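Have a look at protein07.tsv; it's TSV, N, CA and C atoms:
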```
chain	number	residue	atom	x	y	z
A	19	MET	N	4.48	17.90	-16.82
A	19	MET	CA	4.62	16.47	-16.58
A	19	MET	C	3.89	15.70	-17.67
A	20	THR	N	4.57	14.78	-18.29
A	20	THR	CA	3.99	13.98	-19.35
A	20	THR	C	3.24	12.79	-18.76
A	21	VAL	N	2.04	12.58	-19.23
A	21	VAL	CA	1.22	11.45	-18.77
A	21	VAL	C	1.40	10.31	-19.76
A	22	LYS	N	1.77	9.13	-19.23
A	22	LYS	CA	1.93	7.95	-20.09
A	22	LYS	C	0.58	7.37	-20.45
A	23	ARG	N	0.48	6.87	-21.65
A	23	ARG	CA	-0.72	6.15	-22.05
A	23	ARG	C	-0.70	4.78	-21.41
A	24	TRP	N	-1.88	4.25	-21.09
A	24	TRP	CA	-2.01	2.96	-20.41
A	24	TRP	C	-1.22	1.87	-21.14
A	25	GLU	N	-1.33	1.84	-22.46
A	25	GLU	CA	-0.68	0.78	-23.24
A	25	GLU	C	0.84	0.91	-23.27
A	26	ASP	N	1.37	2.08	-22.87
A	26	ASP	CA	2.81	2.29	-22.85
A	26	ASP	C	3.43	1.99	-21.47
A	27	MET	N	2.62	1.67	-20.49
A	27	MET	CA	3.13	1.41	-19.14
A	27	MET	C	3.61	-0.03	-19.02
A	28	ASN	N	4.69	-0.22	-18.25
A	28	ASN	CA	5.08	-1.59	-17.93
A	28	ASN	C	4.20	-2.09	-16.79
A	29	GLU	N	4.35	-3.34	-16.40
A	29	GLU	CA	3.44	-3.93	-15.40
A	29	GLU	C	3.57	-3.26	-14.03
A	30	TRP	N	4.78	-2.84	-13.66
A	30	TRP	CA	4.96	-2.16	-12.37
A	30	TRP	C	4.30	-0.79	-12.38
A	31	GLU	N	4.44	-0.07	-13.49
A	31	GLU	CA	3.78	1.23	-13.61
A	31	GLU	C	2.27	1.08	-13.60
A	32	SER	N	1.76	0.03	-14.26
A	32	SER	CA	0.31	-0.23	-14.27
A	32	SER	C	-0.20	-0.52	-12.86
A	33	LEU	N	0.56	-1.32	-12.11
A	33	LEU	CA	0.19	-1.63	-10.73
A	33	LEU	C	0.16	-0.35	-9.90
A	34	ALA	N	1.20	0.47	-10.03
A	34	ALA	CA	1.26	1.74	-9.27
A	34	ALA	C	0.10	2.65	-9.64
A	35	HIS	N	-0.24	2.69	-10.93
A	35	HIS	CA	-1.35	3.52	-11.39
A	35	HIS	C	-2.68	3.05	-10.79
A	36	ARG	N	-2.91	1.74	-10.82
A	36	ARG	CA	-4.14	1.19	-10.23
A	36	ARG	C	-4.24	1.49	-8.75
A	37	LEU	N	-3.12	1.35	-8.05
A	37	LEU	CA	-3.11	1.60	-6.61
A	37	LEU	C	-3.31	3.08	-6.29
A	38	ARG	N	-2.78	3.97	-7.13
A	38	ARG	CA	-3.01	5.41	-6.91
A	38	ARG	C	-4.50	5.72	-7.04
A	39	TRP	N	-5.18	4.99	-7.90
A	39	TRP	CA	-6.60	5.21	-8.10
A	39	TRP	C	-7.42	4.54	-6.99
A	40	ALA	N	-7.13	3.26	-6.69
A	40	ALA	CA	-7.94	2.48	-5.74
A	40	ALA	C	-7.47	2.62	-4.30
A	41	GLY	N	-6.20	2.87	-4.08
A	41	GLY	CA	-5.67	3.00	-2.73
A	41	GLY	C	-4.96	1.75	-2.26
A	42	HIS	N	-5.57	0.58	-2.47
A	42	HIS	CA	-4.96	-0.67	-2.00
A	42	HIS	C	-5.42	-1.85	-2.85
A	43	GLU	N	-4.71	-2.95	-2.67
A	43	GLU	CA	-5.03	-4.18	-3.41
A	43	GLU	C	-4.35	-5.35	-2.70
A	44	ALA	N	-5.06	-6.46	-2.53
A	44	ALA	CA	-4.46	-7.68	-1.98
A	44	ALA	C	-3.92	-8.51	-3.13
A	45	ARG	N	-2.73	-9.03	-2.94
A	45	ARG	CA	-2.08	-9.86	-3.97
A	45	ARG	C	-1.38	-11.02	-3.31
A	46	ASP	N	-1.23	-12.13	-4.05
A	46	ASP	CA	-0.40	-13.20	-3.51
A	46	ASP	C	1.03	-12.97	-3.98
A	47	ILE	N	1.94	-13.51	-3.19
A	47	ILE	CA	3.37	-13.33	-3.48
A	47	ILE	C	3.72	-13.88	-4.85
A	48	GLU	N	3.08	-14.97	-5.23
A	48	GLU	CA	3.35	-15.59	-6.54
A	48	GLU	C	3.18	-14.59	-7.69
A	49	SER	N	2.15	-13.75	-7.62
A	49	SER	CA	1.93	-12.79	-8.70
A	49	SER	C	3.04	-11.73	-8.73
A	50	LEU	N	3.57	-11.37	-7.56
A	50	LEU	CA	4.67	-10.41	-7.51
A	50	LEU	C	5.97	-11.05	-8.01
A	51	VAL	N	6.14	-12.34	-7.71
A	51	VAL	CA	7.32	-13.06	-8.18
A	51	VAL	C	7.31	-13.11	-9.71
A	52	SER	N	6.15	-13.36	-10.29
A	52	SER	CA	6.08	-13.40	-11.76
A	52	SER	C	6.28	-12.01	-12.36
A	53	LEU	N	5.83	-10.96	-11.66
A	53	LEU	CA	6.06	-9.59	-12.14
A	53	LEU	C	7.55	-9.27	-12.22
A	54	ILE	N	8.32	-9.81	-11.29
A	54	ILE	CA	9.75	-9.54	-11.26
A	54	ILE	C	10.49	-10.44	-12.25
A	55	GLY	N	9.77	-11.45	-12.79
A	55	GLY	CA	10.36	-12.34	-13.78
A	55	GLY	C	11.10	-13.51	-13.18
A	56	ALA	N	10.76	-13.88	-11.95
A	56	ALA	CA	11.42	-15.00	-11.28
A	56	ALA	C	10.47	-16.19	-11.20
A	57	GLN	N	11.02	-17.33	-10.81
A	57	GLN	CA	10.24	-18.56	-10.69
A	57	GLN	C	9.83	-18.84	-9.25
A	58	LYS	N	10.69	-18.45	-8.29
A	58	LYS	CA	10.48	-18.81	-6.90
A	58	LYS	C	10.76	-17.61	-5.99
A	59	ALA	N	10.07	-17.54	-4.88
A	59	ALA	CA	10.19	-16.40	-3.95
A	59	ALA	C	11.28	-16.64	-2.91
A	60	GLY	N	12.52	-16.57	-3.32
A	60	GLY	CA	13.63	-16.67	-2.38
A	60	GLY	C	13.93	-15.30	-1.78
A	61	ALA	N	14.88	-15.26	-0.87
A	61	ALA	CA	15.22	-14.02	-0.15
A	61	ALA	C	15.65	-12.89	-1.11
A	62	ARG	N	16.46	-13.22	-2.10
A	62	ARG	CA	16.92	-12.18	-3.06
A	62	ARG	C	15.78	-11.68	-3.94
A	63	VAL	N	14.91	-12.59	-4.34
A	63	VAL	CA	13.75	-12.21	-5.16
A	63	VAL	C	12.84	-11.29	-4.36
A	64	ILE	N	12.58	-11.65	-3.11
A	64	ILE	CA	11.74	-10.81	-2.24
A	64	ILE	C	12.36	-9.44	-2.07
A	65	GLU	N	13.66	-9.40	-1.90
A	65	GLU	CA	14.37	-8.11	-1.77
A	65	GLU	C	14.19	-7.27	-3.03
A	66	ARG	N	14.30	-7.90	-4.21
A	66	ARG	CA	14.10	-7.17	-5.47
A	66	ARG	C	12.66	-6.67	-5.59
A	67	ILE	N	11.70	-7.49	-5.17
A	67	ILE	CA	10.29	-7.07	-5.21
A	67	ILE	C	10.09	-5.86	-4.31
A	68	GLU	N	10.62	-5.91	-3.10
A	68	GLU	CA	10.48	-4.79	-2.17
A	68	GLU	C	11.11	-3.52	-2.73
A	69	GLN	N	12.25	-3.65	-3.41
A	69	GLN	CA	12.88	-2.49	-4.04
A	69	GLN	C	12.02	-1.94	-5.17
A	70	LYS	N	11.47	-2.82	-5.97
A	70	LYS	CA	10.62	-2.41	-7.09
A	70	LYS	C	9.36	-1.70	-6.58
A	71	LEU	N	8.76	-2.24	-5.51
A	71	LEU	CA	7.59	-1.59	-4.92
A	71	LEU	C	7.96	-0.19	-4.42
A	72	ALA	N	9.09	-0.08	-3.74
A	72	ALA	CA	9.53	1.21	-3.21
A	72	ALA	C	9.78	2.21	-4.35
A	73	GLU	N	10.36	1.75	-5.45
A	73	GLU	CA	10.61	2.62	-6.60
A	73	GLU	C	9.32	3.23	-7.14
A	74	HIS	N	8.23	2.49	-6.99
A	74	HIS	CA	6.94	2.95	-7.50
A	74	HIS	C	6.04	3.52	-6.41
A	75	ASN	N	6.64	3.80	-5.25
A	75	ASN	CA	5.93	4.42	-4.13
A	75	ASN	C	4.75	3.56	-3.65
A	76	ILE	N	5.00	2.26	-3.64
A	76	ILE	CA	4.00	1.30	-3.20
A	76	ILE	C	4.46	0.72	-1.86
A	77	GLY	N	3.59	0.82	-0.87
A	77	GLY	CA	3.87	0.22	0.43
A	77	GLY	C	3.25	-1.16	0.50
A	78	HIS	N	3.66	-1.92	1.51
A	78	HIS	CA	3.12	-3.28	1.66
A	78	HIS	C	3.03	-3.67	3.13
A	79	LEU	N	2.03	-4.48	3.41
A	79	LEU	CA	1.84	-5.08	4.73
A	79	LEU	C	1.65	-6.56	4.52
A	80	PRO	N	2.37	-7.43	5.21
A	80	PRO	CA	3.28	-7.11	6.28
A	80	PRO	C	4.50	-6.33	5.79
A	81	THR	N	5.21	-5.75	6.76
A	81	THR	CA	6.34	-4.88	6.43
A	81	THR	C	7.50	-5.64	5.81
A	82	LYS	N	7.60	-6.93	6.07
A	82	LYS	CA	8.59	-7.80	5.42
A	82	LYS	C	7.80	-8.83	4.63
A	83	LEU	N	7.97	-8.81	3.32
A	83	LEU	CA	7.22	-9.75	2.48
A	83	LEU	C	7.66	-11.19	2.75
A	84	PRO	N	6.71	-12.11	2.82
A	84	PRO	CA	7.04	-13.52	3.06
A	84	PRO	C	7.60	-14.20	1.80
A	85	THR	N	8.29	-15.30	1.99
A	85	THR	CA	8.81	-16.07	0.85
A	85	THR	C	7.85	-17.18	0.43
A	86	ASP	N	6.76	-17.36	1.15
A	86	ASP	CA	5.74	-18.35	0.80
A	86	ASP	C	4.89	-17.76	-0.33
A	87	SER	N	4.98	-18.36	-1.50
A	87	SER	CA	4.31	-17.79	-2.68
A	87	SER	C	2.79	-17.80	-2.60
A	88	THR	N	2.22	-18.60	-1.69
A	88	THR	CA	0.75	-18.64	-1.58
A	88	THR	C	0.21	-17.58	-0.62
A	89	ARG	N	1.08	-16.91	0.13
A	89	ARG	CA	0.65	-15.89	1.09
A	89	ARG	C	0.17	-14.65	0.36
A	90	ARG	N	-0.86	-14.04	0.92
A	90	ARG	CA	-1.39	-12.79	0.36
A	90	ARG	C	-0.84	-11.63	1.17
A	91	VAL	N	-0.60	-10.53	0.48
A	91	VAL	CA	-0.11	-9.32	1.11
A	91	VAL	C	-0.97	-8.15	0.66
A	92	LEU	N	-0.95	-7.10	1.43
A	92	LEU	CA	-1.72	-5.92	1.10
A	92	LEU	C	-0.76	-4.86	0.55
A	93	LEU	N	-1.02	-4.43	-0.67
A	93	LEU	CA	-0.24	-3.37	-1.30
A	93	LEU	C	-1.05	-2.09	-1.24
A	94	TYR	N	-0.38	-0.95	-1.09
A	94	TYR	CA	-1.09	0.32	-1.07
A	94	TYR	C	-0.22	1.41	-1.67
A	95	SER	N	-0.89	2.40	-2.24
A	95	SER	CA	-0.19	3.53	-2.81
A	95	SER	C	0.07	4.57	-1.74
A	96	LYS	N	1.32	4.98	-1.62
A	96	LYS	CA	1.67	6.03	-0.67
A	96	LYS	C	1.22	7.39	-1.18
A	97	GLU	N	0.74	7.43	-2.43
A	97	GLU	CA	0.29	8.68	-3.05
A	97	GLU	C	-1.22	8.84	-3.00
A	98	HIS	N	-1.93	7.84	-2.50
A	98	HIS	CA	-3.39	7.89	-2.44
A	98	HIS	C	-3.82	8.76	-1.27
A	99	ASP	N	-4.80	9.63	-1.48
A	99	ASP	CA	-5.24	10.55	-0.44
A	99	ASP	C	-6.07	9.89	0.65
A	100	GLY	N	-6.68	8.77	0.37
A	100	GLY	CA	-7.59	8.14	1.31
A	100	GLY	C	-6.95	6.97	2.03
A	101	ILE	N	-7.39	5.77	1.68
A	101	ILE	CA	-6.97	4.57	2.39
A	101	ILE	C	-5.47	4.32	2.27
A	102	GLY	N	-4.88	4.68	1.15
A	102	GLY	CA	-3.43	4.54	1.01
A	102	GLY	C	-2.68	5.35	2.03
A	103	TYR	N	-3.17	6.56	2.29
A	103	TYR	CA	-2.56	7.42	3.30
A	103	TYR	C	-2.71	6.82	4.70
A	104	VAL	N	-3.89	6.28	5.01
A	104	VAL	CA	-4.14	5.65	6.31
A	104	VAL	C	-3.19	4.47	6.50
A	105	LEU	N	-3.08	3.62	5.49
A	105	LEU	CA	-2.20	2.46	5.58
A	105	LEU	C	-0.74	2.89	5.72
A	106	SER	N	-0.37	3.95	5.03
A	106	SER	CA	0.99	4.47	5.14
A	106	SER	C	1.29	4.91	6.57
A	107	LEU	N	0.33	5.59	7.21
A	107	LEU	CA	0.51	6.00	8.60
A	107	LEU	C	0.61	4.79	9.53
A	108	ILE	N	-0.24	3.79	9.30
A	108	ILE	CA	-0.20	2.58	10.12
A	108	ILE	C	1.15	1.89	9.97
A	109	HIS	N	1.63	1.79	8.76
A	109	HIS	CA	2.92	1.17	8.48
A	109	HIS	C	4.04	1.94	9.20
A	110	GLU	N	4.01	3.25	9.08
A	110	GLU	CA	5.02	4.09	9.73
A	110	GLU	C	4.99	3.90	11.25
A	111	LEU	N	3.80	3.85	11.81
A	111	LEU	CA	3.64	3.68	13.25
A	111	LEU	C	4.12	2.30	13.69
A	112	ALA	N	3.85	1.28	12.89
A	112	ALA	CA	4.27	-0.08	13.23
A	112	ALA	C	5.79	-0.21	13.26
A	113	LEU	N	6.48	0.56	12.44
A	113	LEU	CA	7.94	0.49	12.37
A	113	LEU	C	8.62	1.43	13.35
A	114	GLN	N	7.85	2.32	13.96
A	114	GLN	CA	8.42	3.33	14.83
A	114	GLN	C	9.01	2.70	16.09
A	115	ASP	N	10.17	3.19	16.49
A	115	ASP	CA	10.82	2.74	17.72
A	115	ASP	C	9.97	3.15	18.91
A	116	PRO	N	9.66	2.22	19.83
A	116	PRO	CA	8.83	2.55	20.99
A	116	PRO	C	9.41	3.71	21.82
A	117	ALA	N	10.72	3.90	21.77
A	117	ALA	CA	11.36	4.98	22.53
A	117	ALA	C	11.24	6.33	21.82
A	118	ASP	N	10.78	6.31	20.57
A	118	ASP	CA	10.63	7.55	19.81
A	118	ASP	C	9.55	8.41	20.45
A	119	GLU	N	9.90	9.61	20.82
A	119	GLU	CA	8.97	10.46	21.54
A	119	GLU	C	8.09	11.33	20.64
A	120	ARG	N	8.26	11.19	19.33
A	120	ARG	CA	7.41	11.96	18.42
A	120	ARG	C	6.02	11.35	18.40
A	121	ASN	N	5.02	12.17	18.54
A	121	ASN	CA	3.64	11.70	18.57
A	121	ASN	C	2.86	12.08	17.31
A	122	ALA	N	3.52	12.70	16.36
A	122	ALA	CA	2.81	13.22	15.18
A	122	ALA	C	2.04	12.14	14.45
A	123	THR	N	2.64	10.98	14.25
A	123	THR	CA	1.97	9.91	13.51
A	123	THR	C	0.74	9.43	14.25
A	124	VAL	N	0.84	9.29	15.56
A	124	VAL	CA	-0.30	8.85	16.37
A	124	VAL	C	-1.42	9.88	16.27
A	125	HIS	N	-1.08	11.16	16.38
A	125	HIS	CA	-2.09	12.22	16.29
A	125	HIS	C	-2.75	12.26	14.91
A	126	GLN	N	-1.94	12.13	13.85
A	126	GLN	CA	-2.50	12.14	12.50
A	126	GLN	C	-3.46	10.97	12.30
A	127	LEU	N	-3.02	9.79	12.71
A	127	LEU	CA	-3.85	8.60	12.53
A	127	LEU	C	-5.11	8.68	13.38
A	128	ASP	N	-4.98	9.12	14.62
A	128	ASP	CA	-6.14	9.26	15.51
A	128	ASP	C	-7.15	10.23	14.93
A	129	SER	N	-6.68	11.36	14.45
A	129	SER	CA	-7.57	12.37	13.87
A	129	SER	C	-8.28	11.83	12.63
A	130	LEU	N	-7.53	11.15	11.79
A	130	LEU	CA	-8.10	10.59	10.57
A	130	LEU	C	-9.14	9.52	10.89
A	131	LEU	N	-8.84	8.63	11.84
A	131	LEU	CA	-9.78	7.57	12.21
A	131	LEU	C	-11.03	8.15	12.86
A	132	LYS	N	-10.88	9.20	13.65
A	132	LYS	CA	-12.05	9.85	14.24
A	132	LYS	C	-12.95	10.43	13.15
A	133	SER	N	-12.35	11.01	12.12
A	133	SER	CA	-13.12	11.56	11.00
A	133	SER	C	-13.89	10.46	10.28
A	134	ILE	N	-13.22	9.35	10.05
A	134	ILE	CA	-13.86	8.23	9.36
A	134	ILE	C	-15.01	7.68	10.20
A	135	THR	N	-14.79	7.54	11.51
A	135	THR	CA	-15.83	7.05	12.41
A	135	THR	C	-17.02	8.00	12.42
A	136	SER	N	-16.75	9.30	12.47
A	136	SER	CA	-17.81	10.31	12.47
A	136	SER	C	-18.63	10.23	11.19
A	137	LEU	N	-17.96	10.11	10.06
A	137	LEU	CA	-18.67	10.00	8.78
A	137	LEU	C	-19.54	8.75	8.76
A	138	SER	N	-19.01	7.65	9.26
A	138	SER	CA	-19.75	6.39	9.29
A	138	SER	C	-20.99	6.50	10.19
A	139	LEU	N	-20.81	7.09	11.37
A	139	LEU	CA	-21.95	7.26	12.28
A	139	LEU	C	-23.01	8.18	11.68
A	140	ASN	N	-22.59	9.26	11.05
A	140	ASN	CA	-23.54	10.17	10.40
A	140	ASN	C	-24.29	9.49	9.26
A	141	ALA	N	-23.60	8.66	8.51
A	141	ALA	CA	-24.24	7.93	7.41
A	141	ALA	C	-25.30	6.97	7.96
A	142	ARG	N	-25.01	6.33	9.08
A	142	ARG	CA	-25.98	5.42	9.69
A	142	ARG	C	-27.21	6.17	10.18
A	143	ARG	N	-27.00	7.37	10.74
A	143	ARG	CA	-28.14	8.16	11.22
A	143	ARG	C	-29.05	8.55	10.06
A	144	VAL	N	-28.46	8.92	8.94
A	144	VAL	CA	-29.24	9.31	7.76
A	144	VAL	C	-30.04	8.10	7.25
A	145	GLU	N	-29.40	6.94	7.24
A	145	GLU	CA	-30.09	5.71	6.78
A	145	GLU	C	-31.24	5.33	7.70
A	146	ALA	N	-31.09	5.60	8.99
A	146	ALA	CA	-32.11	5.22	9.97
A	146	ALA	C	-33.36	6.10	9.88
A	147	ARG	N	-33.25	7.24	9.29
A	147	ARG	CA	-34.42	8.16	9.19
A	147	ARG	C	-35.43	7.70	8.21
```

Output the file's structure as structure tokens, nothing else.
Amino acid sequence: MTVKRWEDMNEWESLAHRLRWAGHEARDIESLVSLIGAQKAGARVIERIEQKLAEHNIGHLPTKLPTDSTRRVLLYSKEHDGIGYVLSLIHELALQDPADERNATVHQLDSLLKSITSLSLNARRVEAR
């Protein structure tokens, strides 16, 4: 696999790269509109942005991007091992049909959140000593 140099990446690739490293990032819609090369966040522009994010394995919350350019959204890398993975599970669970009897996502998220809580509690105990 060939690794691209930072200076050779387009803006979408750079965003995806940053998110793979950091896990998540809050952005306003206006910045995404300018990335797509548009002036205003209409329905078609938002659809193109959502497609572009999906092409780069970037998830977003809310699940439907707003057309208000001043609204902030949370972007996350679906390839990130930490917080990106947690957000991906939350997103998947939020979209899941209530009649869906599969519990795998709930179990994965519950297990992961318990681990995070345990680490946090242990860190507090160490600090208290």

One decimal place gives the atom C of Glu68 in chain A-atom C of Glu110 in chain A separation as 17.0 Å

Near-Ala59 in chain A list (9 Å; only C-alpha atoms; drop same-chain fewer than 4 positions) as a count of residues only
10

How many Å separate atom C of Lys70 in chain A from CA of Trp30 in chain A?
7.3 Å

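Residue nearest Leu37 in chain A within the list A:His98, A:Arg90, A:Arg66, A:Arg143: A:His98 [criterion: smallest interatomic distance, only N, CA and C atoms].
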
Apply DSSP to the backbone of this structure and, from range 24-132 of chain A, keep only the residues in strand (DSSP E); write these as a ChimeraX atom specification.
/A:42-46,76-79,90-95

List the spatial neighbours of Ile101 in chain A as a PyMOL selection string - criterion: any atom at most 6.5 Å away, only N, CA and C atoms, same-chain residues fewer than 4 positions off excluded.
chain A and resi 41-42+105-106

Run DSSP on the backbone of this structure and report the residues of chain A it assigns to helix (DSSP H, G or I), as a PyMOL selection string.
chain A and resi 24-26+29-40+47-54+61-73+101-113+122-146

Pairwise distance for CA of Leu113 in chain A and CA of Ser95 in chain A, rounded to one decimal in Å
17.5 Å
